[in-house]
>>> print(open('model34.txt').read())   # compact mmCIF, C-alpha atoms
# COMPACT_ATOMS: atom_id res chain seq x y z
CA MET A 363 13.70 -54.34 22.87
CA SER A 364 12.73 -50.80 23.35
CA GLU A 365 14.49 -47.58 22.46
CA PRO A 366 16.12 -45.81 25.33
CA ALA A 367 14.05 -42.84 26.45
CA ALA A 368 15.24 -39.51 25.09
CA SER A 369 17.10 -37.55 27.72
CA PRO A 370 16.24 -33.87 28.30
CA ASP A 371 19.52 -33.04 26.56
CA ASP A 372 18.47 -34.95 23.45
CA ILE A 373 15.15 -33.15 23.35
CA ARG A 374 16.85 -29.79 23.71
CA ARG A 375 19.25 -30.64 20.91
CA GLY A 376 16.32 -31.70 18.72
CA ILE A 377 14.53 -28.41 19.25
CA GLY A 378 17.74 -26.50 18.56
CA ALA A 379 18.28 -28.30 15.25
CA ARG A 380 14.68 -27.65 14.24
CA ARG A 381 15.07 -23.98 14.98
CA VAL A 382 18.22 -23.71 12.87
CA LEU A 383 16.47 -25.55 10.05
CA ALA A 384 13.39 -23.33 10.30
CA LEU A 385 15.51 -20.18 10.27
CA ALA A 386 17.51 -21.39 7.28
CA ALA A 387 14.33 -22.26 5.37
CA LEU A 388 12.84 -18.90 6.23
CA THR A 389 15.91 -16.98 5.09
CA LEU A 390 16.01 -18.95 1.86
CA ALA A 391 12.31 -18.33 1.22
CA ILE A 392 12.75 -14.60 1.77
CA VAL A 393 15.75 -14.38 -0.56
CA ILE A 394 14.02 -16.42 -3.28
CA GLY A 395 10.82 -14.42 -2.96
CA PHE A 396 12.67 -11.14 -3.15
CA LEU A 397 14.62 -12.18 -6.26
CA ALA A 398 11.48 -13.56 -7.89
CA ALA A 399 9.59 -10.36 -7.27
CA GLN A 400 12.42 -8.28 -8.62
CA SER A 401 12.85 -10.28 -11.82
CA LEU A 402 9.10 -10.38 -12.36
CA ALA A 403 9.12 -6.64 -11.92
CA GLY A 404 11.79 -6.26 -14.60
CA SER A 405 9.80 -8.17 -17.19
CA ALA A 406 6.35 -6.73 -16.54
CA VAL A 407 5.56 -3.28 -17.81
CA TYR A 408 2.63 -1.10 -17.00
CA TYR A 409 3.23 1.15 -19.97
CA LEU A 410 5.60 1.59 -22.91
CA THR A 411 7.42 4.81 -23.63
CA PRO A 412 6.80 6.22 -27.13
CA THR A 413 10.32 5.07 -28.11
CA GLU A 414 9.65 1.50 -26.91
CA ALA A 415 6.31 1.52 -28.72
CA LYS A 416 8.03 2.49 -31.97
CA GLN A 417 10.72 -0.16 -31.51
CA ARG A 418 8.07 -2.81 -30.98
CA ASN A 419 6.29 -1.79 -34.17
CA LEU A 420 2.87 -2.25 -32.63
CA ALA A 421 0.26 -3.21 -35.20
CA ALA A 422 -2.63 -0.83 -35.79
CA GLY A 423 -5.51 -1.75 -33.51
CA GLN A 424 -3.32 -3.58 -31.00
CA THR A 425 -4.16 -2.49 -27.45
CA ALA A 426 -1.32 -0.79 -25.61
CA ARG A 427 -0.53 1.67 -22.87
CA LEU A 428 1.83 4.56 -23.53
CA GLY A 429 3.38 6.73 -20.86
CA GLY A 430 5.37 9.91 -21.11
CA GLN A 431 5.18 13.69 -20.85
CA VAL A 432 2.50 15.85 -22.36
CA GLU A 433 4.52 18.03 -24.73
CA PRO A 434 4.27 21.73 -23.88
CA GLY A 435 1.99 23.62 -26.27
CA SER A 436 0.28 20.49 -27.60
CA LEU A 437 -2.77 20.12 -25.33
CA ARG A 438 -6.10 21.05 -26.94
CA TYR A 439 -9.62 20.28 -25.74
CA GLU A 440 -12.79 21.21 -27.63
CA PRO A 441 -15.70 21.08 -25.18
CA ALA A 442 -18.23 21.13 -28.06
CA SER A 443 -16.92 18.02 -29.84
CA ARG A 444 -15.35 16.55 -26.64
CA ASP A 445 -12.22 16.15 -28.73
CA LEU A 446 -8.98 15.89 -26.71
CA ARG A 447 -5.62 16.11 -28.46
CA PHE A 448 -2.07 16.22 -27.21
CA VAL A 449 1.39 14.92 -28.01
CA ILE A 450 3.04 12.48 -25.61
CA GLY A 451 6.83 12.29 -25.67
CA ASP A 452 9.81 10.84 -23.82
CA GLY A 453 12.51 13.22 -24.99
CA VAL A 454 13.34 11.06 -28.03
CA SER A 455 10.06 10.10 -29.71
CA ARG A 456 6.65 11.69 -29.70
CA VAL A 457 3.22 10.33 -30.47
CA GLN A 458 0.09 12.30 -31.34
CA VAL A 459 -2.77 11.21 -29.08
CA ILE A 460 -6.49 11.70 -29.70
CA GLY A 461 -8.97 11.04 -26.94
CA THR A 462 -12.59 11.76 -26.15
CA GLY A 463 -13.89 13.64 -23.16
CA ALA A 464 -12.61 16.18 -20.69
CA PRO A 465 -9.01 15.70 -19.59
CA PRO A 466 -8.55 14.25 -16.07
CA GLY A 467 -7.90 16.67 -13.21
CA LEU A 468 -4.13 16.76 -13.29
CA LEU A 469 -3.47 16.47 -17.02
CA ARG A 470 -1.13 19.35 -17.78
CA GLU A 471 1.46 20.24 -20.36
CA GLY A 472 4.91 19.21 -19.17
CA ALA A 473 3.49 16.67 -16.69
CA GLY A 474 3.22 12.90 -17.02
CA ALA A 475 0.34 11.00 -18.58
CA VAL A 476 -0.55 7.41 -19.36
CA VAL A 477 -2.90 6.62 -22.27
CA GLU A 478 -4.67 3.34 -23.03
CA GLY A 479 -5.79 2.56 -26.56
CA SER A 480 -4.24 1.63 -29.89
CA PHE A 481 -2.42 3.07 -32.87
CA GLN A 482 -4.41 3.93 -35.98
CA ALA A 483 -3.01 3.11 -39.41
CA ASP A 484 -1.80 6.71 -39.74
CA GLY A 485 0.37 6.48 -36.60
CA VAL A 486 -1.95 8.52 -34.39
CA PHE A 487 -2.71 6.92 -31.02
CA ARG A 488 -6.43 6.66 -30.36
CA ALA A 489 -6.85 6.68 -26.57
CA SER A 490 -9.83 5.05 -24.93
CA GLN A 491 -8.59 6.22 -21.57
CA VAL A 492 -6.36 9.12 -20.54
CA ILE A 493 -4.78 9.01 -17.08
CA ALA A 494 -2.81 11.88 -15.57
CA LYS A 495 0.32 11.08 -13.61
CA HIS A 496 1.42 12.99 -10.55
CA ASP A 497 5.00 13.04 -9.32
CA GLU A 498 6.12 12.79 -5.69
CA VAL A 499 6.72 16.54 -5.27
CA TYR A 500 4.20 18.48 -3.17
CA GLN A 501 4.45 22.25 -2.87
CA ALA A 502 2.44 25.08 -1.46
CA PRO A 503 1.25 27.56 -4.08
CA PRO A 504 3.37 30.74 -4.29
CA PRO A 505 2.09 33.61 -2.11
CA GLY A 506 -1.07 35.18 -3.50
CA ALA A 507 -1.72 32.38 -5.97
CA THR A 508 -4.55 29.87 -5.74
CA PRO A 509 -3.94 26.22 -6.55
CA SER A 510 -4.22 25.72 -10.29
CA HIS A 511 -6.33 22.61 -10.00
CA ARG A 512 -9.72 23.13 -8.41
CA THR A 513 -11.31 19.84 -7.55
CA THR A 514 -14.76 20.41 -8.97
CA SER A 515 -16.17 17.91 -11.38
CA PRO A 516 -15.52 18.82 -15.03
CA MET B 1015 -32.52 -28.35 32.71
CA THR B 1016 -31.01 -25.36 31.06
CA THR B 1017 -27.77 -23.68 31.81
CA THR B 1018 -27.54 -19.95 31.65
CA TYR B 1019 -24.30 -18.46 30.50
CA TYR B 1020 -23.57 -15.02 31.71
CA PRO B 1021 -21.24 -12.90 29.64
CA ARG B 1022 -18.03 -12.32 31.51
CA VAL B 1023 -17.07 -8.73 31.90
CA VAL B 1024 -13.68 -8.42 30.27
CA ARG B 1025 -11.66 -5.54 31.54
CA GLY B 1026 -9.08 -4.51 29.00
CA PRO B 1027 -5.42 -3.96 29.78
CA ARG B 1028 -4.83 -1.01 32.09
CA ILE B 1029 -2.86 1.00 29.54
CA LEU B 1030 -5.86 1.08 27.17
CA PRO B 1031 -7.54 4.33 28.37
CA TYR B 1032 -4.20 6.16 28.17
CA LEU B 1033 -3.66 4.98 24.61
CA ALA B 1034 -7.19 6.06 23.75
CA GLY B 1035 -6.58 9.51 25.23
CA ALA B 1036 -3.25 9.95 23.47
CA THR B 1037 -4.78 8.83 20.16
CA ALA B 1038 -7.64 11.31 20.52
CA ILE B 1039 -5.34 14.23 21.38
CA VAL B 1040 -2.74 13.61 18.66
CA GLY B 1041 -5.54 12.77 16.22
CA ALA B 1042 -7.24 16.10 16.92
CA ILE B 1043 -3.96 17.97 16.38
CA ALA B 1044 -3.37 16.06 13.14
CA LEU B 1045 -6.88 16.88 11.96
CA PHE B 1046 -6.38 20.59 12.60
CA MET B 1047 -3.00 20.59 10.85
CA ALA B 1048 -4.32 18.60 7.89
CA LEU B 1049 -7.48 20.61 7.29
CA VAL B 1050 -6.49 24.13 8.41
CA TRP B 1051 -2.79 24.66 8.96
CA ALA B 1052 -1.14 22.88 6.01
CA PRO B 1053 -1.31 24.61 2.63
CA ALA B 1054 -3.18 23.11 -0.30
CA ASP B 1055 -0.93 21.62 -2.96
CA ALA B 1056 0.07 24.00 -5.75
CA VAL B 1057 -1.08 21.60 -8.46
CA GLN B 1058 -3.70 19.35 -6.86
CA GLY B 1059 -5.44 21.77 -4.55
CA ASP B 1060 -7.34 20.47 -1.53
CA VAL B 1061 -7.63 16.89 -2.79
CA GLN B 1062 -3.96 16.46 -1.84
CA ARG B 1063 -5.06 16.51 1.83
CA ILE B 1064 -6.20 12.89 1.40
CA MET B 1065 -2.49 12.19 1.72
CA TYR B 1066 -2.76 12.78 5.48
CA VAL B 1067 -4.95 9.69 5.87
CA HIS B 1068 -3.86 7.60 2.87
CA VAL B 1069 -0.14 7.58 3.69
CA PRO B 1070 -0.58 6.83 7.44
CA ALA B 1071 -3.01 4.00 6.56
CA ALA B 1072 -0.41 2.50 4.21
CA TRP B 1073 2.25 2.98 6.89
CA LEU B 1074 0.11 1.09 9.41
CA ALA B 1075 -0.32 -1.74 6.92
CA TYR B 1076 3.48 -2.04 6.65
CA LEU B 1077 3.93 -1.75 10.42
CA ALA B 1078 1.19 -4.28 11.20
CA PHE B 1079 2.64 -6.90 8.84
CA VAL B 1080 6.18 -6.40 10.15
CA VAL B 1081 4.75 -7.02 13.65
CA VAL B 1082 3.03 -10.18 12.33
CA PHE B 1083 6.43 -11.27 11.06
CA LEU B 1084 8.18 -10.61 14.39
CA ALA B 1085 5.41 -12.28 16.39
CA SER B 1086 5.40 -15.28 14.03
CA VAL B 1087 9.14 -15.73 14.41
CA ALA B 1088 8.74 -15.37 18.18
CA TRP B 1089 6.09 -18.13 18.19
CA LEU B 1090 8.27 -20.47 16.12
CA TRP B 1091 11.17 -19.71 18.41
CA GLY B 1092 9.67 -19.94 21.86
CA ARG B 1093 6.07 -21.22 21.47
CA SER B 1094 4.76 -18.50 23.71
CA PRO B 1095 0.97 -18.11 23.30
CA ILE B 1096 1.14 -14.32 23.59
CA ALA B 1097 3.22 -14.21 20.37
CA ASP B 1098 0.42 -15.95 18.48
CA ALA B 1099 -2.15 -13.58 19.99
CA ILE B 1100 -0.10 -10.57 18.84
CA ALA B 1101 0.26 -12.07 15.34
CA VAL B 1102 -3.48 -12.55 14.80
CA ALA B 1103 -4.30 -9.15 16.30
CA SER B 1104 -1.79 -7.35 14.12
CA ALA B 1105 -2.84 -9.22 10.97
CA GLU B 1106 -6.46 -8.16 11.44
CA ILE B 1107 -5.46 -4.53 11.94
CA GLY B 1108 -3.16 -4.75 8.92
CA VAL B 1109 -5.96 -6.05 6.70
CA LEU B 1110 -8.21 -3.21 7.87
CA PHE B 1111 -5.65 -0.51 7.10
CA THR B 1112 -4.52 -2.03 3.80
CA ALA B 1113 -8.13 -1.94 2.64
CA LEU B 1114 -8.45 1.61 3.95
CA ALA B 1115 -5.30 2.71 2.11
CA ILE B 1116 -6.70 1.25 -1.12
CA VAL B 1117 -10.09 2.94 -0.69
CA LEU B 1118 -8.59 6.32 0.24
CA GLY B 1119 -6.09 6.09 -2.61
CA SER B 1120 -8.93 5.33 -4.97
CA ILE B 1121 -10.87 8.38 -3.79
CA TRP B 1122 -7.74 10.48 -4.41
CA ALA B 1123 -7.07 8.89 -7.79
CA LYS B 1124 -10.43 9.67 -9.41
CA PRO B 1125 -10.10 13.49 -9.35
CA THR B 1126 -6.34 13.47 -10.04
CA TRP B 1127 -5.44 10.52 -12.27
CA GLY B 1128 -8.95 10.38 -13.71
CA VAL B 1129 -9.59 6.72 -12.81
CA TRP B 1130 -10.63 4.90 -9.62
CA TRP B 1131 -8.38 1.96 -10.33
CA THR B 1132 -5.84 0.84 -12.90
CA TRP B 1133 -3.67 -2.26 -13.00
CA GLU B 1134 -0.39 -0.57 -12.23
CA PRO B 1135 2.42 -2.05 -10.09
CA ARG B 1136 1.76 -0.33 -6.74
CA LEU B 1137 -1.96 -1.07 -6.90
CA ILE B 1138 -1.48 -4.70 -7.97
CA THR B 1139 1.13 -5.47 -5.31
CA THR B 1140 -1.03 -3.83 -2.63
CA ALA B 1141 -4.05 -5.88 -3.71
CA VAL B 1142 -1.89 -9.04 -3.59
CA MET B 1143 -0.71 -8.09 -0.10
CA LEU B 1144 -4.30 -7.65 1.05
CA ALA B 1145 -5.29 -11.01 -0.45
CA MET B 1146 -2.37 -12.80 1.22
CA TYR B 1147 -3.24 -11.52 4.67
CA VAL B 1148 -6.92 -12.31 4.20
CA GLY B 1149 -5.64 -15.78 3.29
CA TYR B 1150 -3.57 -15.79 6.47
CA LEU B 1151 -6.68 -15.08 8.54
CA LEU B 1152 -8.65 -17.75 6.66
CA LEU B 1153 -5.86 -20.25 7.27
CA ARG B 1154 -6.19 -19.58 10.98
CA SER B 1155 -9.83 -20.58 10.90
CA LEU B 1156 -9.08 -23.99 9.35
CA SER B 1157 -7.69 -25.72 12.40
CA SER B 1158 -9.01 -25.69 15.92
CA ASP B 1159 -5.91 -27.29 17.39
CA PHE B 1160 -4.12 -24.36 18.99
CA GLU B 1161 -0.50 -25.44 18.49
CA ARG B 1162 -0.94 -26.60 14.93
CA ARG B 1163 -2.90 -23.52 13.93
CA ALA B 1164 -0.37 -21.19 15.48
CA THR B 1165 2.57 -22.93 13.81
CA ARG B 1166 1.01 -23.03 10.34
CA ALA B 1167 -0.05 -19.42 10.63
CA ALA B 1168 3.39 -18.39 11.85
CA VAL B 1169 5.11 -19.91 8.82
CA VAL B 1170 2.81 -17.99 6.48
CA GLY B 1171 2.98 -14.87 8.62
CA ALA B 1172 6.77 -14.93 8.58
CA ILE B 1173 7.04 -15.35 4.80
CA ALA B 1174 4.23 -12.97 3.78
CA VAL B 1175 6.20 -10.01 5.16
CA LEU B 1176 7.99 -10.08 1.78
CA ASN B 1177 4.99 -8.17 0.49
CA VAL B 1178 6.06 -5.09 2.42
CA PRO B 1179 9.30 -4.30 0.54
CA VAL B 1180 7.70 -5.46 -2.72
CA VAL B 1181 4.82 -3.00 -2.33
CA HIS B 1182 7.10 -0.19 -1.23
CA LEU B 1183 9.66 -0.65 -4.00
CA SER B 1184 7.21 -1.61 -6.77
CA VAL B 1185 7.10 2.00 -7.93
CA THR B 1186 10.85 2.07 -8.50
CA TRP B 1187 11.19 -1.35 -10.15
CA MET B 1188 8.78 -0.70 -12.99
CA ASN B 1189 7.12 1.96 -15.04
CA ALA B 1190 4.46 2.92 -12.57
CA LEU B 1191 1.61 5.38 -12.43
CA HIS B 1192 1.76 5.76 -8.68
CA GLN B 1193 4.18 8.46 -7.58
CA LEU B 1194 7.49 7.53 -5.98
CA PRO B 1195 7.86 7.76 -2.19
CA SER B 1196 8.07 11.39 -1.05
CA VAL B 1197 9.50 10.65 2.39
CA LEU B 1198 10.91 7.09 2.65
CA ARG B 1199 13.38 7.62 -0.17
CA PRO B 1200 17.03 8.47 -0.69
CA GLY B 1201 17.50 12.19 -0.29
CA PRO B 1202 15.47 14.80 1.57
CA PRO B 1203 11.64 14.69 1.62
CA ALA B 1204 10.06 16.08 -1.55
CA LEU B 1205 7.34 17.86 0.40
CA ASP B 1206 6.61 21.35 1.58
CA GLY B 1207 7.80 21.71 5.21
CA ARG B 1208 4.32 22.21 6.67
CA MET B 1209 2.94 19.27 4.67
CA TYR B 1210 5.79 17.11 5.96
CA ALA B 1211 5.17 18.13 9.58
CA THR B 1212 1.44 17.44 9.17
CA LEU B 1213 2.14 14.05 7.66
CA LEU B 1214 4.45 13.12 10.54
CA VAL B 1215 1.83 14.08 13.14
CA ALA B 1216 -0.83 12.14 11.23
CA VAL B 1217 1.48 9.10 11.12
CA ALA B 1218 2.02 9.45 14.89
CA ALA B 1219 -1.75 9.57 15.47
CA PHE B 1220 -2.32 6.48 13.34
CA THR B 1221 0.52 4.65 15.09
CA LEU B 1222 -1.08 5.39 18.47
CA LEU B 1223 -4.36 4.11 17.09
CA TYR B 1224 -2.55 0.95 16.02
CA ALA B 1225 -1.11 0.51 19.51
CA TYR B 1226 -4.58 0.98 21.01
CA LEU B 1227 -6.21 -1.53 18.67
CA LEU B 1228 -3.39 -4.03 19.13
CA VAL B 1229 -3.48 -3.92 22.92
CA ALA B 1230 -7.28 -4.14 22.96
CA ARG B 1231 -7.35 -7.04 20.50
CA VAL B 1232 -4.60 -8.99 22.27
CA GLY B 1233 -6.48 -8.52 25.54
CA LEU B 1234 -9.60 -9.88 23.87
CA GLU B 1235 -7.71 -12.86 22.49
CA ARG B 1236 -6.32 -13.74 25.91
CA ALA B 1237 -9.74 -13.40 27.52
CA ARG B 1238 -11.20 -15.65 24.85
CA ARG B 1239 -8.56 -18.30 25.43
CA SER B 1240 -8.95 -18.27 29.18
CA ALA B 1241 -12.73 -18.53 28.89
CA PRO B 1242 -14.12 -21.83 30.20
>>> encode(input="model34.txt", output="structure tokens")
Amino acid sequence: MSEPAASPDDIRRGIGARRVLALAALTLAIVIGFLAAQSLAGSAVYYLTPTEAKQRNLAAGQTARLGGQVEPGSLRYEPASRDLRFVIGDGVSRVQVIGTGAPPGLLREGAGAVVEGSFQADGVFRASQVIAKHDEVYQAPPPGATPSHRTTSP
Amino acid sequence: MTTTYYPRVVRGPRILPYLAGATAIVGAIALFMALVWAPADAVQGDVQRIMYVHVPAAWLAYLAFVVVFLASVAWLWGRSPIADAIAVASAEIGVLFTALAIVLGSIWAKPTWGVWWTWEPRLITTAVMLAMYVGYLLLRSLSSDFERRATRAAVVGAIAVLNVPVVHLSVTWMNALHQLPSVLRPGPPALDGRMYATLLVAVAAFTLLYAYLLVARVGLERARRSAP
């Protein structure tokens, strides 16, 4: 006994069902992937704000990244000792940061910064790396002014 | 007895010289606008001009992988060989421009952020995207059976497009170092008008370059397949 040969109609129906299945699987995969990425995104942090860092009670010496604004009037750099000091804040909490070496090109008071390092026992954050953050706003300098940041090596 | 194989002269698609000409003209205009006409950024100075190549490169990466997705779906749907040729061509171009966007971004980051690289969301997701499409191209080299290779690749190519929204939105989902989108965002562009115009022309030039590379590569793929 042999199976009756599949008619062209049967074959067409088979292909149609496979297409529907493939599309459904694809849609499902996309939705799952999107949700997974979004939830992963929610749980992973690149940096903590000073408030979050205080809430977490980070132990002295524990490596962390802090991000926030460089408080106006707090930025000091001593070229002789290569001592860099500023306060990083998020509007609620502030943390004194000490780093070594010239500040990166765009580090300015009132602008964003991310620091890598750890808290000392006295609550000062000792940064091994200072990264300046730039926002998405791009403007021409006002007439007659030169750009404040000249891109020559420090 | 030895057989001599002569290389076949492959003449590219007829539209190719026109695409090359258009790319050169728009590219020259973009270059002038980017280096002479557009103002330097008030804060960053001239280093901001890297934007006019970094952003279009990233745009091409998105565009190329969306085309891989469309071509992959088209292959799964209709099994037309040209769809598979477009998918592989676009994936190769996408890998090239993703890598270029990373390198150019890195060159911008050193004088501005102060580091070449940091493990922040936009950079990580872009690196993952690059790795997935390199994987896609590797997968294609595993099988020599045309149908099987095309189908496997199409499934991966259709799913990997997820990377595109993930990369683009990564800066809004998490605390990121990378700035938010200045153009593809809710609300008006956060750019000076001349910078915006320059960026649009640069994106147009890169898109023409993409079209040129795609047409040339698809032509090459077809010639390769029809070779004896």
>>> closest_residue(input="model34.txt", among="B:Ser1196, B:Ser1158, B:Ser1104, B:Thr1139", to="chain A", atoms="all atoms listed in the file")
B:Ser1196
>>> closest_residue(input="model34.txt", among="A:Gly423, A:Gly461, A:Gly472, A:Gly467", to="chain B", atoms="all atoms listed in the file")
A:Gly467
>>> atom_distance(input="model34.txt", atom1="CA of Leu1074 (chain B)", atom2="CA of Leu1118 (chain B)")
13.7 Å
>>> closest_residue(input="model34.txt", among="B:Gly1108, B:Pro1203, B:Gly1149, B:Pro1070", to="chain A", atoms="all atoms listed in the file")
B:Pro1203
>>> closest_residue(input="model34.txt", among="A:Gly453, A:Pro465, A:Pro503, A:Gly479", to="Ala426 (chain A)", atoms="all atoms listed in the file")
A:Gly479
>>> closest_residue(input="model34.txt", among="B:Ala1101, B:Leu1090, B:Leu1228, B:Ile1039", to="Glu1161 (chain B)", atoms="all atoms listed in the file")
B:Leu1090
>>> residues_near_point(input="model34.txt", point="(-7.3, -9.9, 7.8)", cutoff="6 Å", atoms="only C-alpha atoms", output="list in words")
Ala1105, Glu1106, Val1109, Tyr1147, Val1148 and Leu1151 of chain B
>>> residues_around(input="model34.txt", residues="region 1040-1045 of chain B", least_positions_apart="2", cutoff="7 Å", atoms="only C-alpha atoms", output="PDB file with C-alpha atoms, in the coordinates of the input")
ATOM      1  CA  ALA B1036      -3.250   9.950  23.470  1.00  0.00           C
ATOM      2  CA  THR B1037      -4.780   8.830  20.160  1.00  0.00           C
ATOM      3  CA  ALA B1038      -7.640  11.310  20.520  1.00  0.00           C
ATOM      4  CA  MET B1047      -3.000  20.590  10.850  1.00  0.00           C
ATOM      5  CA  ALA B1048      -4.320  18.600   7.890  1.00  0.00           C
ATOM      6  CA  LEU B1049      -7.480  20.610   7.290  1.00  0.00           C
ATOM      7  CA  THR B1212       1.440  17.440   9.170  1.00  0.00           C
ATOM      8  CA  VAL B1215       1.830  14.080  13.140  1.00  0.00           C
ATOM      9  CA  ALA B1216      -0.830  12.140  11.230  1.00  0.00           C
ATOM     10  CA  ALA B1219      -1.750   9.570  15.470  1.00  0.00           C
TER      11      ALA B1219
END
>>> closest_residue(input="model34.txt", among="B:Val1080, B:Ala1167, B:Leu1214, B:Val1057", to="chain A", atoms="only C-alpha atoms")
B:Val1057
>>> atom_distance(input="model34.txt", atom1="CA of Leu1077 (chain B)", atom2="CA of Phe1111 (chain B)")
10.2 Å
>>> interface_residues(input="model34.txt", of="chain B", to="chain A", cutoff="8 Å", atoms="all atoms listed in the file", output="JSON, numbers by chain")
{"B": [1053, 1054, 1055, 1056, 1057, 1058, 1059, 1060, 1061, 1090, 1091, 1125, 1126, 1127, 1128, 1129, 1133, 1134, 1135, 1172, 1173, 1176, 1180, 1184, 1187, 1188, 1189, 1190, 1191, 1192, 1193, 1194, 1195, 1196, 1204, 1205, 1206, 1209]}
>>> atom_distance(input="model34.txt", atom1="CA of Ser1120 (chain B)", atom2="CA of Leu1144 (chain B)")
15.0 Å
>>> residues_around(input="model34.txt", residues="Leu437 (chain A)", least_positions_apart="4", cutoff="7 Å", atoms="only C-alpha atoms", output="mmCIF file with C-alpha atoms, keeping the file's coordinate frame")
data_model
loop_
_atom_site.group_PDB
_atom_site.id
_atom_site.type_symbol
_atom_site.label_atom_id
_atom_site.label_comp_id
_atom_site.auth_asym_id
_atom_site.auth_seq_id
_atom_site.Cartn_x
_atom_site.Cartn_y
_atom_site.Cartn_z
ATOM 1 C CA ARG A 447 -5.620 16.110 -28.460
ATOM 2 C CA PHE A 448 -2.070 16.220 -27.210
ATOM 3 C CA GLU A 471 1.460 20.240 -20.360
#
>>> residues_around(input="model34.txt", residues="Val457 (chain A)", least_positions_apart="2", cutoff="8 Å", atoms="only C-alpha atoms", output="list of chain:residue names")
A:Pro412, A:Val449, A:Ile450, A:Gly451, A:Ser455, A:Val459, A:Gly485, A:Val486, A:Phe487
>>> write_last_selection(input="model34.txt", atoms="C-alpha atoms", output="compact mmCIF listing (two decimals), in the frame of the given file")
# COMPACT_ATOMS: atom_id res chain seq x y z
CA PRO A 412 6.80 6.22 -27.13
CA VAL A 449 1.39 14.92 -28.01
CA ILE A 450 3.04 12.48 -25.61
CA GLY A 451 6.83 12.29 -25.67
CA SER A 455 10.06 10.10 -29.71
CA VAL A 459 -2.77 11.21 -29.08
CA GLY A 485 0.37 6.48 -36.60
CA VAL A 486 -1.95 8.52 -34.39
CA PHE A 487 -2.71 6.92 -31.02
